[in-house]
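Note: the block below is model.tsv and it holds TSV, C-alpha atoms.
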chain	number	residue	atom	x	y	z
A	1	MET	CA	123.35	104.38	104.28
A	2	SER	CA	123.22	104.98	100.54
A	3	ALA	CA	121.45	107.79	98.77
A	4	ASN	CA	119.03	105.17	97.49
A	5	ASN	CA	118.20	104.06	101.00
A	6	ASN	CA	117.64	107.62	102.09
A	7	ARG	CA	115.20	108.08	99.25
A	8	ARG	CA	113.49	104.82	100.14
A	9	SER	CA	113.14	105.69	103.81
A	10	PHE	CA	111.84	109.13	102.83
A	11	LEU	CA	109.24	107.54	100.57
A	12	THR	CA	108.26	105.04	103.23
A	13	ALA	CA	108.00	107.81	105.78
A	14	SER	CA	105.89	110.00	103.51
A	15	ALA	CA	103.68	107.05	102.61
A	16	THR	CA	103.21	106.29	106.30
A	17	MET	CA	102.30	109.93	106.89
A	18	ALA	CA	99.86	109.71	104.03
A	19	ALA	CA	98.32	106.56	105.47
A	20	GLY	CA	97.98	108.32	108.81
A	21	ALA	CA	96.48	111.45	107.33
A	22	GLY	CA	94.40	109.55	104.79
A	23	PHE	CA	95.43	111.77	101.91
A	24	ILE	CA	98.14	114.08	100.59
A	25	ALA	CA	97.09	117.54	99.49
A	26	ILE	CA	98.98	118.37	96.32
A	27	ALA	CA	97.09	121.61	95.64
A	28	PRO	CA	94.08	123.33	97.19
A	29	GLY	CA	91.11	121.08	96.57
A	30	ILE	CA	93.17	118.30	95.01
A	31	SER	CA	94.43	115.43	97.08
A	32	LEU	CA	96.13	112.21	96.12
A	33	ILE	CA	93.98	109.74	98.03
A	34	GLU	CA	95.25	106.93	95.82
A	35	VAL	CA	98.82	107.41	97.02
A	36	SER	CA	98.16	106.20	100.55
A	37	HIS	CA	98.33	102.49	99.80
A	38	ALA	CA	101.81	101.54	101.01
A	39	ARG	CA	101.76	98.50	103.27
A	40	PRO	CA	103.80	98.38	106.46
A	41	ALA	CA	106.89	96.14	106.37
A	42	GLY	CA	106.07	92.48	106.98
A	43	GLU	CA	102.45	92.74	105.88
A	44	ALA	CA	101.24	90.56	103.01
A	45	ALA	CA	99.21	91.83	100.06
A	46	SER	CA	95.55	91.71	100.97
A	47	LYS	CA	92.41	90.45	99.28
A	48	ALA	CA	90.79	93.66	100.49
A	49	ASN	CA	92.51	95.46	97.58
A	50	ARG	CA	92.27	94.90	93.89
A	51	TRP	CA	94.64	97.07	91.95
A	52	GLY	CA	93.49	98.12	88.53
A	53	MET	CA	93.63	100.79	85.92
A	54	LEU	CA	91.18	102.85	83.93
A	55	ILE	CA	92.46	104.02	80.55
A	56	ASP	CA	90.60	106.76	78.70
A	57	SER	CA	91.41	106.37	75.02
A	58	ASN	CA	89.72	109.73	74.29
A	59	LYS	CA	92.61	111.40	76.11
A	60	CYS	CA	95.29	109.11	74.67
A	61	THR	CA	97.19	110.75	71.81
A	62	ALA	CA	98.19	108.76	68.74
A	63	GLY	CA	101.96	108.82	68.36
A	64	CYS	CA	102.59	109.47	72.06
A	65	ASP	CA	104.51	106.65	73.73
A	66	ALA	CA	105.37	108.26	77.06
A	67	CYS	CA	103.90	105.26	78.93
A	68	VAL	CA	105.93	102.77	76.89
A	69	LYS	CA	109.14	104.79	77.41
A	70	ALA	CA	108.48	105.14	81.14
A	71	CYS	CA	107.95	101.37	81.39
A	72	SER	CA	111.20	100.64	79.56
A	73	THR	CA	113.09	103.04	81.80
A	74	GLU	CA	111.60	101.81	85.07
A	75	ASN	CA	111.90	98.11	84.27
A	76	ARG	CA	115.09	98.49	82.16
A	77	ILE	CA	113.65	96.82	79.08
A	78	ASN	CA	116.34	98.25	76.86
A	79	GLU	CA	118.49	95.30	75.86
A	80	GLN	CA	119.68	94.91	72.28
A	81	VAL	CA	118.01	91.92	70.62
A	82	ALA	CA	119.15	90.17	67.45
A	83	ASP	CA	115.61	89.69	66.18
A	84	PRO	CA	113.13	92.54	66.80
A	85	ARG	CA	110.33	89.98	67.19
A	86	GLN	CA	112.04	88.80	70.37
A	87	ARG	CA	111.94	92.22	72.01
A	88	SER	CA	110.21	92.15	75.40
A	89	GLN	CA	107.05	94.20	75.39
A	90	TRP	CA	105.35	94.87	78.70
A	91	ILE	CA	103.20	97.68	77.30
A	92	ARG	CA	102.55	98.75	73.71
A	93	LYS	CA	100.58	101.43	71.96
A	94	ILE	CA	97.81	100.33	69.61
A	95	ASP	CA	96.09	102.51	67.02
A	96	ILE	CA	92.67	101.27	65.98
A	97	LYS	CA	90.25	102.54	63.37
A	98	ASP	CA	86.57	101.89	62.92
A	99	LYS	CA	86.34	101.20	59.19
A	100	ALA	CA	82.65	102.17	58.98
A	101	SER	CA	82.94	105.60	60.58
A	102	GLY	CA	86.65	106.27	60.18
A	103	ARG	CA	86.95	107.09	63.90
A	104	GLN	CA	90.44	106.45	65.21
A	105	HIS	CA	91.64	105.77	68.72
A	106	SER	CA	94.96	105.11	70.33
A	107	LEU	CA	95.42	103.14	73.50
A	108	PRO	CA	98.08	101.39	75.56
A	109	MET	CA	97.70	97.61	75.88
A	110	MET	CA	99.40	95.53	78.54
A	111	CYS	CA	98.69	92.68	80.96
A	112	GLN	CA	95.06	93.18	81.96
A	113	HIS	CA	95.58	91.61	85.40
A	114	CYS	CA	92.52	89.39	85.01
A	115	ALA	CA	90.58	88.12	88.00
A	116	GLU	CA	90.37	84.79	86.13
A	117	PRO	CA	93.75	84.75	84.38
A	118	PRO	CA	94.13	82.08	81.67
A	119	CYS	CA	97.93	82.29	82.02
A	120	VAL	CA	97.59	81.04	85.60
A	121	ASP	CA	95.19	78.27	84.55
A	122	VAL	CA	97.60	76.79	82.01
A	123	CYS	CA	100.90	77.16	83.88
A	124	PRO	CA	102.27	73.66	84.55
A	125	THR	CA	104.52	74.72	87.45
A	126	GLY	CA	102.51	77.34	89.31
A	127	ALA	CA	104.94	80.07	88.26
A	128	SER	CA	102.22	82.15	86.64
A	129	MET	CA	100.30	83.45	89.61
A	130	LYS	CA	97.85	86.03	90.88
A	131	ARG	CA	98.69	87.87	94.07
A	132	ALA	CA	95.98	88.38	96.71
A	133	ASP	CA	95.56	91.99	95.60
A	134	GLY	CA	94.89	90.96	91.99
A	135	ILE	CA	98.31	91.62	90.46
A	136	VAL	CA	99.23	88.83	88.00
A	137	LEU	CA	102.92	87.95	88.11
A	138	VAL	CA	105.43	85.34	86.96
A	139	ASP	CA	107.40	83.63	89.71
A	140	ARG	CA	110.66	83.37	87.78
A	141	HIS	CA	112.11	81.10	90.44
A	142	ILE	CA	109.91	78.27	89.17
A	143	CYS	CA	109.18	79.38	85.58
A	144	ILE	CA	110.55	76.75	83.19
A	145	GLY	CA	110.07	78.94	80.11
A	146	CYS	CA	107.53	76.66	78.40
A	147	ARG	CA	105.53	79.66	77.14
A	148	TYR	CA	102.10	78.07	77.54
A	149	CYS	CA	100.97	81.29	79.21
A	150	MET	CA	102.00	83.31	76.16
A	151	MET	CA	99.75	81.10	74.05
A	152	ALA	CA	96.88	81.34	76.56
A	153	CYS	CA	96.89	85.13	76.97
A	154	PRO	CA	94.24	86.70	74.70
A	155	TYR	CA	95.92	90.11	75.07
A	156	LYS	CA	99.37	89.04	73.80
A	157	ALA	CA	100.71	90.58	76.97
A	158	ARG	CA	103.61	88.25	77.69
A	159	SER	CA	107.15	88.09	76.37
A	160	PHE	CA	109.98	85.60	76.65
A	161	VAL	CA	113.54	86.62	77.43
A	162	HIS	CA	115.85	84.94	74.92
A	163	GLN	CA	119.23	86.25	76.01
A	164	PRO	CA	121.30	86.92	79.12
A	165	LEU	CA	120.58	90.29	80.76
A	166	THR	CA	122.92	92.34	82.91
A	167	GLU	CA	121.42	95.78	83.42
A	168	GLN	CA	118.32	94.92	85.46
A	169	ASN	CA	116.77	97.33	87.93
A	170	PRO	CA	117.70	95.88	91.35
A	171	GLU	CA	114.01	96.03	92.24
A	172	VAL	CA	112.85	94.39	89.00
A	173	PRO	CA	114.63	91.06	88.52
A	174	ARG	CA	114.22	89.66	85.01
A	175	GLY	CA	116.34	87.27	82.99
A	176	ILE	CA	116.95	84.65	80.36
A	177	GLY	CA	114.65	81.66	79.99
A	178	CYS	CA	111.61	83.13	81.71
A	179	VAL	CA	108.34	84.60	80.56
A	180	GLU	CA	107.56	88.10	81.76
A	181	SER	CA	104.87	90.74	81.50
A	182	CYS	CA	103.64	93.96	83.08
A	183	THR	CA	103.88	93.67	86.88
A	184	LEU	CA	101.68	96.73	87.39
A	185	CYS	CA	104.98	98.09	88.80
A	186	VAL	CA	104.39	95.95	91.87
A	187	HIS	CA	107.64	97.21	93.43
A	188	ARG	CA	106.34	100.79	93.23
A	189	VAL	CA	102.75	99.96	94.21
A	190	ASP	CA	103.99	98.21	97.37
A	191	LYS	CA	105.79	101.43	98.33
A	192	GLY	CA	102.68	103.51	97.74
A	193	GLN	CA	103.76	104.88	94.37
A	194	LEU	CA	101.93	104.84	91.06
A	195	PRO	CA	102.96	102.54	88.19
A	196	ALA	CA	105.58	104.24	86.00
A	197	CYS	CA	103.27	104.46	82.95
A	198	VAL	CA	100.50	106.14	84.93
A	199	GLU	CA	102.94	108.62	86.39
A	200	ALA	CA	104.37	109.39	82.94
A	201	CYS	CA	101.04	109.95	81.15
A	202	THR	CA	100.87	113.70	80.63
A	203	GLU	CA	97.38	113.50	79.16
A	204	GLY	CA	95.89	112.04	82.34
A	205	ALA	CA	94.54	109.14	80.30
A	206	MET	CA	95.62	106.50	82.84
A	207	LEU	CA	94.10	106.20	86.29
A	208	PHE	CA	95.46	103.70	88.80
A	209	GLY	CA	93.53	102.67	91.89
A	210	ASP	CA	91.78	100.11	94.04
A	211	LEU	CA	88.79	98.47	92.34
A	212	ALA	CA	87.82	96.85	95.64
A	213	ASP	CA	87.43	100.18	97.42
A	214	PRO	CA	84.05	101.71	96.47
A	215	ASN	CA	85.31	105.18	97.46
A	216	SER	CA	88.41	105.17	95.24
A	217	GLU	CA	88.34	107.43	92.20
A	218	ILE	CA	88.62	104.49	89.83
A	219	SER	CA	85.66	102.69	91.44
A	220	ARG	CA	83.53	105.84	91.42
A	221	ARG	CA	84.26	106.45	87.76
A	222	ILE	CA	83.56	102.86	86.79
A	223	ALA	CA	80.29	103.06	88.72
A	224	GLN	CA	79.25	106.29	87.02
A	225	GLU	CA	80.73	106.19	83.52
A	226	ALA	CA	80.61	103.70	80.66
A	227	THR	CA	83.74	101.54	80.66
A	228	THR	CA	84.77	98.57	78.54
A	229	GLN	CA	86.61	95.36	79.26
A	230	VAL	CA	88.62	94.24	76.26
A	231	ARG	CA	87.35	90.79	75.20
A	232	ALA	CA	84.59	90.92	77.84
A	233	ASP	CA	83.14	87.84	76.11
A	234	LEU	CA	85.91	85.74	77.67
A	235	LYS	CA	84.63	86.63	81.17
A	236	LEU	CA	88.14	87.10	82.53
A	237	ASN	CA	87.19	90.20	84.54
A	238	PRO	CA	90.30	92.21	83.69
A	239	GLY	CA	91.64	94.76	86.18
A	240	VAL	CA	92.40	97.17	83.33
A	241	ARG	CA	89.31	98.94	81.97
A	242	TYR	CA	89.02	101.22	78.97
A	243	GLN	CA	86.87	104.18	78.01
A	244	GLY	CA	86.13	105.50	74.55
A	245	ILE	CA	86.73	102.28	72.62
B	1	MET	CA	141.03	41.92	114.09
B	2	SER	CA	143.30	41.70	111.06
B	3	ARG	CA	140.84	43.88	109.13
B	4	ALA	CA	141.03	46.58	111.81
B	5	PHE	CA	144.80	46.38	111.79
B	6	ALA	CA	144.86	46.74	107.99
B	7	PHE	CA	142.63	49.81	108.25
B	8	VAL	CA	144.86	51.50	110.83
B	9	ALA	CA	147.96	50.63	108.84
B	10	THR	CA	146.49	52.06	105.66
B	11	LEU	CA	145.52	55.22	107.51
B	12	LEU	CA	149.03	55.60	108.92
B	13	LEU	CA	150.63	55.04	105.53
B	14	ALA	CA	148.21	57.35	103.74
B	15	TRP	CA	148.41	60.16	106.30
B	16	PRO	CA	151.45	61.96	104.82
B	17	MET	CA	149.87	61.78	101.36
B	18	MET	CA	146.57	63.21	102.65
B	19	GLN	CA	148.49	66.02	104.29
B	20	SER	CA	150.37	66.91	101.13
B	21	ALA	CA	147.19	66.65	99.04
B	22	HIS	CA	145.51	69.09	101.39
B	23	ALA	CA	148.41	71.49	101.26
B	24	GLY	CA	148.38	71.53	97.47
B	25	GLY	CA	144.59	71.68	97.13
B	26	VAL	CA	142.31	74.53	96.24
B	27	PRO	CA	143.09	77.49	98.51
B	28	LYS	CA	140.39	78.48	100.98
B	29	PRO	CA	138.37	81.43	99.71
B	30	SER	CA	139.42	84.82	100.98
B	31	ILE	CA	136.27	86.51	102.17
B	32	LEU	CA	136.55	90.25	102.35
B	33	ILE	CA	134.02	91.93	104.63
B	34	GLU	CA	133.51	95.30	102.99
B	35	SER	CA	131.85	96.99	105.96
B	36	PRO	CA	133.62	95.62	109.05
B	37	GLY	CA	131.92	96.25	112.37
B	38	THR	CA	128.42	96.05	110.90
B	39	GLN	CA	125.93	93.41	112.03
B	40	CYS	CA	124.57	90.78	109.66
B	41	VAL	CA	121.00	89.51	110.02
B	42	ALA	CA	122.26	86.29	111.66
B	43	PRO	CA	125.54	84.92	113.11
B	44	PRO	CA	128.10	83.97	110.42
B	45	ALA	CA	127.86	80.23	111.15
B	46	GLU	CA	124.11	80.27	110.60
B	47	ILE	CA	124.40	82.39	107.46
B	48	ARG	CA	127.04	80.07	106.01
B	49	ARG	CA	124.89	77.02	106.59
B	50	ASN	CA	121.42	78.40	105.92
B	51	HIS	CA	121.60	81.51	103.70
B	52	MET	CA	120.06	79.65	100.77
B	53	GLU	CA	117.10	78.48	102.83
B	54	MET	CA	116.63	81.94	104.32
B	55	LEU	CA	116.61	83.55	100.88
B	56	LYS	CA	114.34	80.88	99.43
B	57	HIS	CA	111.83	81.32	102.25
B	58	GLN	CA	111.87	85.09	101.85
B	59	ARG	CA	111.59	85.02	98.06
B	60	ASN	CA	108.34	83.06	98.31
B	61	LEU	CA	106.97	85.42	100.94
B	62	THR	CA	107.93	88.52	98.99
B	63	LEU	CA	106.96	87.50	95.48
B	64	ARG	CA	103.94	85.32	96.09
B	65	GLU	CA	102.44	87.01	99.14
B	66	GLY	CA	103.77	90.52	98.73
B	67	VAL	CA	105.54	90.78	102.09
B	68	ARG	CA	108.06	93.62	101.85
B	69	GLY	CA	110.72	94.84	104.25
B	70	GLY	CA	111.61	91.39	105.65
B	71	LYS	CA	114.76	90.83	107.70
B	72	VAL	CA	116.28	88.73	104.91
B	73	SER	CA	116.67	90.28	101.49
B	74	LEU	CA	118.97	89.56	98.56
B	75	ASN	CA	119.27	93.28	97.88
B	76	GLY	CA	120.19	93.68	101.55
B	77	CYS	CA	123.06	91.21	101.08
B	78	ILE	CA	124.27	93.15	98.04
B	79	GLU	CA	124.07	96.56	99.72
B	80	CYS	CA	126.46	95.37	102.45
B	81	HIS	CA	128.64	92.82	100.70
B	82	ALA	CA	129.19	94.27	97.21
B	83	SER	CA	132.84	94.94	96.46
B	84	LYS	CA	133.84	98.54	97.09
B	85	LYS	CA	135.85	98.43	93.86
B	86	THR	CA	133.32	97.00	91.42
B	87	GLY	CA	130.05	97.51	93.32
B	88	SER	CA	129.20	93.87	92.66
B	89	VAL	CA	129.02	90.59	94.59
B	90	ILE	CA	130.17	88.59	91.56
B	91	GLY	CA	132.58	89.05	88.66
B	92	SER	CA	135.79	87.83	90.28
B	93	ASN	CA	136.75	85.23	92.88
B	94	ASP	CA	137.52	88.08	95.29
B	95	ASN	CA	133.89	89.18	95.30
B	96	PHE	CA	131.67	88.04	98.14
B	97	CYS	CA	129.23	85.54	96.62
B	98	GLN	CA	131.55	84.20	93.96
B	99	SER	CA	134.49	83.62	96.31
B	100	CYS	CA	132.72	80.86	98.28
B	101	HIS	CA	130.64	79.54	95.43
B	102	ALA	CA	133.72	79.06	93.23
B	103	TYR	CA	135.42	77.20	96.11
B	104	ALA	CA	132.38	75.02	96.77
B	105	ALA	CA	131.67	74.56	93.02
B	106	VAL	CA	128.04	75.55	93.49
B	107	LYS	CA	126.56	77.32	90.47
B	108	LEU	CA	124.87	80.64	91.17
B	109	ASP	CA	121.56	81.06	89.37
B	110	CYS	CA	120.42	84.13	91.31
B	111	TRP	CA	122.24	86.55	89.03
B	112	ASP	CA	120.57	85.37	85.82
B	113	CYS	CA	117.70	87.60	86.92
B	114	HIS	CA	118.80	89.56	89.99
B	115	GLN	CA	121.10	92.55	89.71
B	116	PRO	CA	124.42	91.72	91.41
B	117	LYS	CA	125.41	95.38	91.70
B	118	THR	CA	124.20	97.85	94.26
B	119	GLY	CA	121.72	100.48	93.13
B	120	LYS	CA	124.53	103.05	93.39
B	121	ALA	CA	126.79	101.09	91.05
B	122	MET	CA	124.12	100.79	88.36
B	123	PRO	CA	124.40	103.13	85.39
B	124	THR	CA	121.42	105.42	85.02
B	125	SER	CA	119.56	104.90	81.79
B	126	ALA	CA	119.65	107.44	78.97
B	127	ALA	CA	116.17	108.70	79.79
B	128	GLU	CA	117.03	109.22	83.44
B	129	ALA	CA	120.29	110.97	82.64
B	130	LYS	CA	118.53	113.66	80.60
B	131	PRO	CA	117.40	116.67	82.60
Go ahead and express the file in the form of structure tokens.
Amino acid sequence: MSANNNRRSFLTASATMAAGAGFIAIAPGISLIEVSHARPAGEAASKANRWGMLIDSNKCTAGCDACVKACSTENRINEQVADPRQRSQWIRKIDIKDKASGRQHSLPMMCQHCAEPPCVDVCPTGASMKRADGIVLVDRHICIGCRYCMMACPYKARSFVHQPLTEQNPEVPRGIGCVESCTLCVHRVDKGQLPACVEACTEGAMLFGDLADPNSEISRRIAQEATTQVRADLKLNPGVRYQGI
Amino acid sequence: MSRAFAFVATLLLAWPMMQSAHAGGVPKPSILIESPGTQCVAPPAEIRRNHMEMLKHQRNLTLREGVRGGKVSLNGCIECHASKKTGSVIGSNDNFCQSCHAYAAVKLDCWDCHQPKTGKAMPTSAAEAKP
């Protein structure tokens, strides 16, 4: 058994323990309830969950790109491209300024994992899809690379791979001729881990959790605090919510 | 009757040629089992015939429905069958997947997206390598 497998079985075991105990205490008074979401082997993603994110732009620092770096490392989006416009971008930092007041914010923007995803509506092959637990993915096995979904996405969240790739993460297949976007680190979420960007955010600006569970931290905060959906007018019900914008 | 006779005669005449053609044909692939004594997820005959269907079935379950930890897994194949030398299942006709697929002239699309090397054989990225 490889070192990798040992690590995997350890993670699975700890996630199972967490599921049994209901929480992991990381310090007195602080527990990681959100960690206990690993599914047992053989179990499909469930409609009972809806994974989402709450991003507090008040805590997000302009110039910090820890989330973007973590995403590139985890998903190995580090290939050399001839034209910088063709670079795959699963998450990007945006700096915005209110011209009237001069107030500036910074925030990460990525696939919003809509409940009503336009990318899924327009896909001619069914490759663009939403999993039962709300994660929007591209089934590369049947993606024909037509890029309709890139046109349909109001968040500019999708990229197209123009060249052959060789250094993929074994858990994150990606390659030439297919459209891709943030997977909400589905390979990590299924093991009970946090998405790489959330884990990397030192400012605590990103919160990952289950929007369908009224007792999760993300649901409680959305119920109690003012949050914003980007382009709420489109009624897409995104799984990624923002604060302070 | 005469047609049947002609057929048998042709077969008899052609037999030595068929034999020599076979002898000079493409050599059978040499399949190296890297971890002898280990048990595959199904008997070899079934794997040989049905591995593509097994993987296709599992890929739909895993990607579209989110079922993890299934019996069949492409990464599982790689972990066991990757060459001990290169850590990969492709790259040369001695390596597991490529050996048969080169012989059967069946193009492999899996590796356009999937990583043909084991996790161990993958280089760590610059960010990971830093302490």
Closest pair table for chain A residues within 7 Å of chain B, all atoms listed in the file, as a Markdown table:
| residue | atom | partner | partner_atom | distance |
| --- | --- | --- | --- | --- |
| A:Asn4 | CA | B:Gly119 | CA | 6.9 |
| A:Ala41 | CA | B:Gly69 | CA | 4.6 |
| A:Gly42 | CA | B:Val67 | CA | 5.2 |
| A:Glu43 | CA | B:Val67 | CA | 5.3 |
| A:Ala44 | CA | B:Val67 | CA | 4.4 |
| A:Ala45 | CA | B:Gly66 | CA | 4.9 |
| A:Thr73 | CA | B:Ser125 | CA | 6.7 |
| A:Arg131 | CA | B:Arg64 | CA | 6.2 |
| A:Asp139 | CA | B:Leu63 | CA | 7.0 |
| A:Pro164 | CA | B:Asp112 | CA | 6.9 |
| A:Gln168 | CA | B:Gln115 | CA | 5.6 |
| A:Asn169 | CA | B:Gln115 | CA | 6.7 |
| A:Pro170 | CA | B:Gln115 | CA | 5.0 |
| A:Pro173 | CA | B:His114 | CA | 4.7 |
| A:Arg174 | CA | B:Cys113 | CA | 4.5 |
| A:Gly175 | CA | B:Cys113 | CA | 4.2 |
| A:Ile176 | CA | B:Asp112 | CA | 6.6 |
- Would you work out the distance separating CA of Leu194 (chain A) from CA of Pro154 (chain A), expressed in Å to one decimal? 25.6 Å
- Tell me, in Å to one decimal, how far CA of Gly209 (chain A) is from CA of Asn237 (chain A). 15.8 Å
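Residues within 8 Å of region 221-232 of chain A, counting all atoms listed in the file and excluding same-chain residues fewer than 4 positions away, are Glu217, Leu236, Asn237, Pro238, Val240, Arg241, Tyr242, Gln243, Gly244 and Ile245 of chain A.
Considering only C-alpha atoms, the residue among A:Gly239, A:Gln80, A:Tyr148, A:Met53 positioned nearest to Cys119 (chain A) is A:Tyr148.
Shortest atom-to-atom contact with Lys156 (chain A) among A:Ala115, A:Cys123, A:Cys182, A:Leu211: A:Cys182, counting only C-alpha atoms.
For the choices A:Ile218, A:Ile91, A:Met110, A:Val120, the atom-to-atom distance to Ala70 (chain A) is smallest for A:Ile91 when using only C-alpha atoms.
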For region 67-83 of chain B, take all atoms listed in the file, fit an axis-aligned box around them, add 3 Å to each of the six sides, then output centre and edge lengths in Å rounded to one decimal, as JSON.
{"center_x": 119.2, "center_y": 92.6, "center_z": 102.1, "size_x": 33.3, "size_y": 13.8, "size_z": 17.2}
- How many Å lie between CA of Phe96 (chain B) and CA of His187 (chain A), rounded to one decimal?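 Distance reported for this atom pair: 26.1 Å.
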